[in-house]
Amino acid sequence: MGRSRRTIPEELLLLALDPTTGTTAQPQSLDLGLAGAQLVELALAGRIAPDGDRIAVVMPRPTGDPTLDSALELLRRRGSPVRAVHWIGGPRLGLRQIYLAHLERCGMVHAVAGQMCGVLPTTRYQATDTAISREIRTRLDNAIRTGVPPDPRTAALAALAHAVGLGKHLYPGNEGRSSRSRLRDLIRHDPMGGLVAHAVMDVQNGVAQPRRDRAPAPPAARATASGVPLQPRRTGAMARVAAH
């Protein structure tokens with residue numbers, strides 16, 4: 001994959017970068033969005049494909065992008081399709097910093113050292129070429145305002161921007177309400193982007209957790225295939241009382 005085209009994770013991060021403060025909007029949900037954006041980018045590169053609500057590797061050949069290839073290798077090692085919500089909700093610590101460092105190496109941003117409260121060291125990131133961020137934003141604006149179905153990359157970017165909560169950052173206040181609504185509606189224009197965006201929102205809402213993290217239901221709450229609740233097995237004295 002050449003460097004002539006920016007990846008969706010890069011564009012999502014540039015969208016979230018505040019040009020005034022040098023910080024990223026929605027930092028916690030942004031990590032989830034970046035993990036989802038990697039899936040969309042790998043799908044567009046023909047390396048993975050949706051399999052219901054799961055993600056399957058269809059071509060394990062590296063893309064040439066080290067960050068994407070690391071994700072692709074992790075997916076390959078799973079050996080079987082993985083649910084998008086479980087992948088996105090897995091350990092992704094530091095993904096935002098990895099991509100910020102990546103953008104800095106590519107010359108898209110530069111780091112500015114500072115201090116918080118005059119003591120704690122901080123790092124802000126400023127875009128080196130604001131025209132890039134404007135071009136990304138213009139694509140979203142056109143998709144929202146013209147009603148013309150966007151290309152898959154823009155549709156996926158819009159879906160992820162909505163999923164991580166960038167709508168209020170990009171289109172603030174009451175005057176931005178209709179734009180936020182149309183941003184949400186763009187989710188339907190790309191199946192992979194929609195799948196991933198819904199998975200990002202599910203993780204944030206705690207809707208879907210890996211099965212191993214779920215506590216087993218108590219015996220009285222379990223049901224048979226017909227839907228009839230199973231009763232706890234009676235043992236000892238309880239069994240004798242029930243028999244009479």
# chains A, B, ... in the order shown; residues from 1 in each chain; ligands from 1

call {"tool": "select_by_dssp", "arguments": {"residues": "segment 57-237 of chain A", "states": "strand (DSSP E)", "output": "MDAnalysis selection string"}}
result
chainID A and resid 57 82:83 109:116 120:127

call {"tool": "select_by_dssp", "arguments": {"residues": "segment 92-210 of chain A", "states": "helix (DSSP H, G or I)", "output": "PyMOL selection string"}}
result
chain A and resi 95-105+130-146+152-163+167-170+174-189+191-205

call {"tool": "closest_residue", "arguments": {"among": "A:Asn205, A:Thr138, A:Thr154, A:Gln28", "to": "Leu12 of chain A", "atoms": "only C-alpha atoms"}}
result
A:Thr154

call {"tool": "closest_residue", "arguments": {"among": "A:Gly206, A:Pro191, A:Gly107, A:Gly165", "to": "Ser29 of chain A", "atoms": "only C-alpha atoms"}}
result
A:Gly165

call {"tool": "residues_around", "arguments": {"residues": "Glu73 of chain A", "least_positions_apart": "3", "cutoff": "10 Å", "atoms": "only C-alpha atoms", "output": "PyMOL selection string"}}
result
chain A and resi 57+60-62+68-70+76-78

call {"tool": "write_last_selection", "arguments": {"atoms": "N, CA, C and O atoms", "output": "CSV table (one decimal), in the first residue's frame"}}
result
chain,number,residue,atom,x,y,z
A,57,VAL,N,-10.2,-13.2,7.7
A,57,VAL,CA,-9.0,-12.9,6.9
A,57,VAL,C,-9.1,-13.7,5.6
A,57,VAL,O,-9.3,-14.9,5.6
A,60,PRO,N,-3.9,-13.0,3.7
A,60,PRO,CA,-2.9,-12.6,4.7
A,60,PRO,C,-1.7,-11.8,4.3
A,60,PRO,O,-0.9,-11.5,5.1
A,61,ARG,N,-1.6,-11.6,3.0
A,61,ARG,CA,-0.4,-10.9,2.5
A,61,ARG,C,-0.3,-9.5,3.1
A,61,ARG,O,-1.3,-8.7,3.1
A,62,PRO,N,0.9,-9.0,3.5
A,62,PRO,CA,1.0,-7.7,4.1
A,62,PRO,C,0.6,-6.6,3.2
A,62,PRO,O,0.8,-6.7,1.9
A,68,LEU,N,-1.1,-1.3,10.0
A,68,LEU,CA,-2.1,-2.2,9.5
A,68,LEU,C,-1.7,-3.6,9.5
A,68,LEU,O,-2.5,-4.5,9.9
A,69,ASP,N,-0.5,-3.9,9.1
A,69,ASP,CA,0.0,-5.3,9.0
A,69,ASP,C,0.1,-5.9,10.4
A,69,ASP,O,-0.1,-7.1,10.5
A,70,SER,N,0.3,-5.1,11.4
A,70,SER,CA,0.3,-5.7,12.8
A,70,SER,C,-1.1,-6.1,13.2
A,70,SER,O,-1.2,-7.2,13.7
A,76,ARG,N,-5.0,-12.8,11.8
A,76,ARG,CA,-4.6,-14.1,11.2
A,76,ARG,C,-4.3,-15.1,12.2
A,76,ARG,O,-4.7,-16.3,12.1
A,77,ARG,N,-3.7,-14.7,13.3
A,77,ARG,CA,-3.3,-15.7,14.4
A,77,ARG,C,-4.6,-16.2,15.1
A,77,ARG,O,-4.5,-17.3,15.7
A,78,ARG,N,-5.7,-15.5,15.0
A,78,ARG,CA,-6.9,-16.0,15.6
A,78,ARG,C,-7.3,-17.3,15.0
A,78,ARG,O,-8.0,-18.2,15.7

call {"tool": "closest_residue", "arguments": {"among": "A:Leu186, A:Met201, A:Val58, A:Leu17", "to": "Leu100 of chain A", "atoms": "only C-alpha atoms"}}
result
A:Leu17

call {"tool": "closest_residue", "arguments": {"among": "A:Leu72, A:Leu15, A:Ala35, A:Ala111", "to": "His86 of chain A", "atoms": "only C-alpha atoms"}}
result
A:Ala35

call {"tool": "closest_atom_pairs", "arguments": {"of": "segment 123-172 of chain A", "to": "segment 37-42 of chain A", "cutoff": "10 Å", "atoms": "only C-alpha atoms", "output": "CSV"}}
result
residue,atom,partner,partner_atom,distance
A:Pro152,CA,A:Val40,CA,9.6
A:Arg153,CA,A:Glu41,CA,8.4
A:Ala156,CA,A:Val40,CA,7.2
A:Leu157,CA,A:Ala37,CA,7.8
A:Ala159,CA,A:Ala37,CA,9.9
A:Leu160,CA,A:Ala37,CA,7.2
A:Ala161,CA,A:Ala37,CA,9.9

call {"tool": "closest_residue", "arguments": {"among": "A:Val109, A:Pro149, A:Met192, A:Ile98", "to": "Asp51 of chain A", "atoms": "only C-alpha atoms"}}
result
A:Met192

call {"tool": "closest_residue", "arguments": {"among": "A:Leu140, A:Ala43, A:Val85, A:Ala131", "to": "Leu170 of chain A", "atoms": "only C-alpha atoms"}}
result
A:Leu140

call {"tool": "residues_around", "arguments": {"residues": "Glu104 of chain A", "least_positions_apart": "2", "cutoff": "12 Å", "atoms": "only C-alpha atoms", "output": "list in words"}}
result
Glu10, Leu14, Gln97, Ile98, Tyr99, Leu100, Ala101, His102, Cys106, Gly107, Met108, Val109, His110, Ala111, Val112, Arg124, Tyr125, Gln126, Ala127, Thr128 and Asp129 of chain A

call {"tool": "write_last_selection", "arguments": {"atoms": "C-alpha atoms", "output": "PDB file, in the first residue's frame"}}
result
ATOM      1  CA  GLU A  10      -5.058   8.610   9.786  1.00  0.00           C
ATOM      2  CA  LEU A  14      -6.789  14.232  11.787  1.00  0.00           C
ATOM      3  CA  GLN A  97      -0.385   7.518  20.458  1.00  0.00           C
ATOM      4  CA  ILE A  98       0.891   5.010  17.910  1.00  0.00           C
ATOM      5  CA  TYR A  99      -0.989   6.821  15.170  1.00  0.00           C
ATOM      6  CA  LEU A 100       0.033  10.267  16.394  1.00  0.00           C
ATOM      7  CA  ALA A 101       3.674   9.161  16.259  1.00  0.00           C
ATOM      8  CA  HIS A 102       2.979   7.680  12.817  1.00  0.00           C
ATOM      9  CA  CYS A 106       4.934  11.081   7.918  1.00  0.00           C
ATOM     10  CA  GLY A 107       5.202  14.840   8.419  1.00  0.00           C
ATOM     11  CA  MET A 108       1.444  15.391   8.806  1.00  0.00           C
ATOM     12  CA  VAL A 109       1.706  16.693  12.393  1.00  0.00           C
ATOM     13  CA  HIS A 110       4.440  17.987  14.648  1.00  0.00           C
ATOM     14  CA  ALA A 111       4.679  17.561  18.406  1.00  0.00           C
ATOM     15  CA  VAL A 112       4.727  20.598  20.679  1.00  0.00           C
ATOM     16  CA  ARG A 124       0.229  18.687  21.809  1.00  0.00           C
ATOM     17  CA  TYR A 125       0.074  17.913  18.111  1.00  0.00           C
ATOM     18  CA  GLN A 126      -0.387  20.522  15.412  1.00  0.00           C
ATOM     19  CA  ALA A 127      -1.181  19.706  11.795  1.00  0.00           C
ATOM     20  CA  THR A 128       1.706  20.716   9.545  1.00  0.00           C
ATOM     21  CA  ASP A 129      -0.573  21.145   6.522  1.00  0.00           C
TER      22      ASP A 129
END

call {"tool": "residues_around", "arguments": {"residues": "Arg54 of chain A", "least_positions_apart": "5", "cutoff": "12 Å", "atoms": "only C-alpha atoms", "output": "MDAnalysis selection string"}}
result
chainID A and resid 39 48:49 75 80:88 192 195:196 199

call {"tool": "decode", "arguments": {"residues": "segment 81-130 of chain A", "atoms": "N, CA and C atoms", "output": "tab-separated table (two decimals), in the first residue's frame"}}
result
chain	number	residue	atom	x	y	z
A	81	PRO	N	-12.77	-16.62	12.09
A	81	PRO	CA	-13.37	-15.28	12.11
A	81	PRO	C	-13.68	-14.82	13.54
A	82	VAL	N	-13.45	-13.56	13.79
A	82	VAL	CA	-13.66	-12.98	15.12
A	82	VAL	C	-14.76	-11.95	15.04
A	83	ARG	N	-15.59	-11.90	16.05
A	83	ARG	CA	-16.65	-10.89	16.08
A	83	ARG	C	-16.03	-9.50	16.13
A	84	ALA	N	-16.57	-8.59	15.31
A	84	ALA	CA	-16.03	-7.23	15.23
A	84	ALA	C	-16.06	-6.55	16.60
A	85	VAL	N	-17.13	-6.78	17.35
A	85	VAL	CA	-17.26	-6.12	18.66
A	85	VAL	C	-16.20	-6.63	19.64
A	86	HIS	N	-15.82	-7.90	19.54
A	86	HIS	CA	-14.80	-8.43	20.43
A	86	HIS	C	-13.42	-7.93	20.04
A	87	TRP	N	-13.19	-7.80	18.74
A	87	TRP	CA	-11.89	-7.28	18.29
A	87	TRP	C	-11.71	-5.83	18.72
A	88	ILE	N	-12.72	-5.02	18.47
A	88	ILE	CA	-12.63	-3.60	18.80
A	88	ILE	C	-12.57	-3.39	20.31
A	89	GLY	N	-13.28	-4.23	21.06
A	89	GLY	CA	-13.30	-4.09	22.51
A	89	GLY	C	-12.11	-4.72	23.20
A	90	GLY	N	-11.21	-5.35	22.45
A	90	GLY	CA	-10.03	-5.98	23.04
A	90	GLY	C	-8.99	-4.94	23.46
A	91	PRO	N	-7.88	-5.39	24.01
A	91	PRO	CA	-6.82	-4.46	24.44
A	91	PRO	C	-6.26	-3.66	23.27
A	92	ARG	N	-6.48	-2.36	23.30
A	92	ARG	CA	-5.95	-1.48	22.25
A	92	ARG	C	-5.26	-0.29	22.88
A	93	LEU	N	-4.58	-0.51	23.99
A	93	LEU	CA	-3.95	0.58	24.71
A	93	LEU	C	-2.88	1.23	23.85
A	94	GLY	N	-2.91	2.56	23.80
A	94	GLY	CA	-1.86	3.29	23.10
A	94	GLY	C	-2.04	3.42	21.61
A	95	LEU	N	-3.17	2.96	21.06
A	95	LEU	CA	-3.34	3.01	19.61
A	95	LEU	C	-3.35	4.46	19.11
A	96	ARG	N	-3.96	5.34	19.89
A	96	ARG	CA	-3.99	6.76	19.48
A	96	ARG	C	-2.58	7.34	19.43
A	97	GLN	N	-1.76	7.01	20.43
A	97	GLN	CA	-0.38	7.52	20.46
A	97	GLN	C	0.44	6.91	19.33
A	98	ILE	N	0.18	5.65	19.02
A	98	ILE	CA	0.89	5.01	17.91
A	98	ILE	C	0.61	5.76	16.61
A	99	TYR	N	-0.65	6.12	16.40
A	99	TYR	CA	-0.99	6.82	15.17
A	99	TYR	C	-0.53	8.27	15.18
A	100	LEU	N	-0.51	8.91	16.33
A	100	LEU	CA	0.03	10.27	16.39
A	100	LEU	C	1.52	10.26	16.05
A	101	ALA	N	2.25	9.28	16.59
A	101	ALA	CA	3.67	9.16	16.26
A	101	ALA	C	3.85	8.85	14.77
A	102	HIS	N	2.94	8.04	14.24
A	102	HIS	CA	2.98	7.68	12.82
A	102	HIS	C	2.76	8.92	11.95
A	103	LEU	N	1.79	9.74	12.31
A	103	LEU	CA	1.52	10.97	11.56
A	103	LEU	C	2.70	11.93	11.66
A	104	GLU	N	3.36	11.94	12.81
A	104	GLU	CA	4.53	12.81	12.97
A	104	GLU	C	5.67	12.34	12.06
A	105	ARG	N	5.89	11.03	11.99
A	105	ARG	CA	6.94	10.51	11.11
A	105	ARG	C	6.63	10.81	9.64
A	106	CYS	N	5.33	10.80	9.30
A	106	CYS	CA	4.93	11.08	7.92
A	106	CYS	C	4.92	12.57	7.61
A	107	GLY	N	5.17	13.40	8.63
A	107	GLY	CA	5.20	14.84	8.42
A	107	GLY	C	3.85	15.50	8.38
A	108	MET	N	2.79	14.80	8.82
A	108	MET	CA	1.44	15.39	8.81
A	108	MET	C	1.16	16.22	10.06
A	109	VAL	N	1.84	15.91	11.16
A	109	VAL	CA	1.71	16.69	12.39
A	109	VAL	C	3.09	16.88	12.99
A	110	HIS	N	3.20	17.87	13.88
A	110	HIS	CA	4.44	17.99	14.65
A	110	HIS	C	4.10	18.15	16.13
A	111	ALA	N	4.92	17.56	16.96
A	111	ALA	CA	4.68	17.56	18.41
A	111	ALA	C	5.17	18.87	19.02
A	112	VAL	N	4.37	19.38	19.96
A	112	VAL	CA	4.73	20.60	20.68
A	112	VAL	C	4.73	20.28	22.17
A	113	ALA	N	5.90	20.34	22.78
A	113	ALA	CA	6.02	20.04	24.21
A	113	ALA	C	5.48	21.20	25.03
A	114	GLY	N	4.86	20.87	26.17
A	114	GLY	CA	4.33	21.89	27.05
A	114	GLY	C	4.23	21.37	28.47
A	115	GLN	N	3.54	22.12	29.32
A	115	GLN	CA	3.34	21.71	30.71
A	115	GLN	C	1.91	22.00	31.12
A	116	MET	N	1.39	21.12	31.97
A	116	MET	CA	0.06	21.31	32.55
A	116	MET	C	0.24	21.81	33.97
A	117	CYS	N	-0.43	22.91	34.28
A	117	CYS	CA	-0.31	23.53	35.61
A	117	CYS	C	1.14	23.89	35.92
A	118	GLY	N	1.94	24.10	34.89
A	118	GLY	CA	3.32	24.50	35.09
A	118	GLY	C	4.22	23.41	35.62
A	119	VAL	N	3.70	22.16	35.70
A	119	VAL	CA	4.48	21.08	36.29
A	119	VAL	C	4.50	19.84	35.39
A	120	LEU	N	3.32	19.32	35.08
A	120	LEU	CA	3.23	18.07	34.35
A	120	LEU	C	3.55	18.26	32.87
A	121	PRO	N	4.47	17.47	32.34
A	121	PRO	CA	4.79	17.60	30.91
A	121	PRO	C	3.65	17.11	30.04
A	122	THR	N	3.37	17.82	28.99
A	122	THR	CA	2.32	17.44	28.05
A	122	THR	C	2.86	17.56	26.62
A	123	THR	N	2.18	16.90	25.71
A	123	THR	CA	2.53	17.00	24.30
A	123	THR	C	1.28	17.29	23.50
A	124	ARG	N	1.32	18.36	22.71
A	124	ARG	CA	0.23	18.69	21.81
A	124	ARG	C	0.70	18.41	20.38
A	125	TYR	N	-0.26	18.22	19.50
A	125	TYR	CA	0.07	17.91	18.11
A	125	TYR	C	-0.63	18.91	17.19
A	126	GLN	N	0.15	19.56	16.36
A	126	GLN	CA	-0.39	20.52	15.41
A	126	GLN	C	-0.22	19.98	13.99
A	127	ALA	N	-1.27	20.13	13.19
A	127	ALA	CA	-1.18	19.71	11.79
A	127	ALA	C	-0.18	20.58	11.06
A	128	THR	N	0.70	19.96	10.29
A	128	THR	CA	1.71	20.72	9.54
A	128	THR	C	1.13	21.29	8.25
A	129	ASP	N	0.07	20.68	7.75
A	129	ASP	CA	-0.57	21.14	6.52
A	129	ASP	C	-2.08	21.13	6.74
A	130	THR	N	-2.62	22.30	7.08
A	130	THR	CA	-4.06	22.36	7.38
A	130	THR	C	-4.91	22.07	6.15
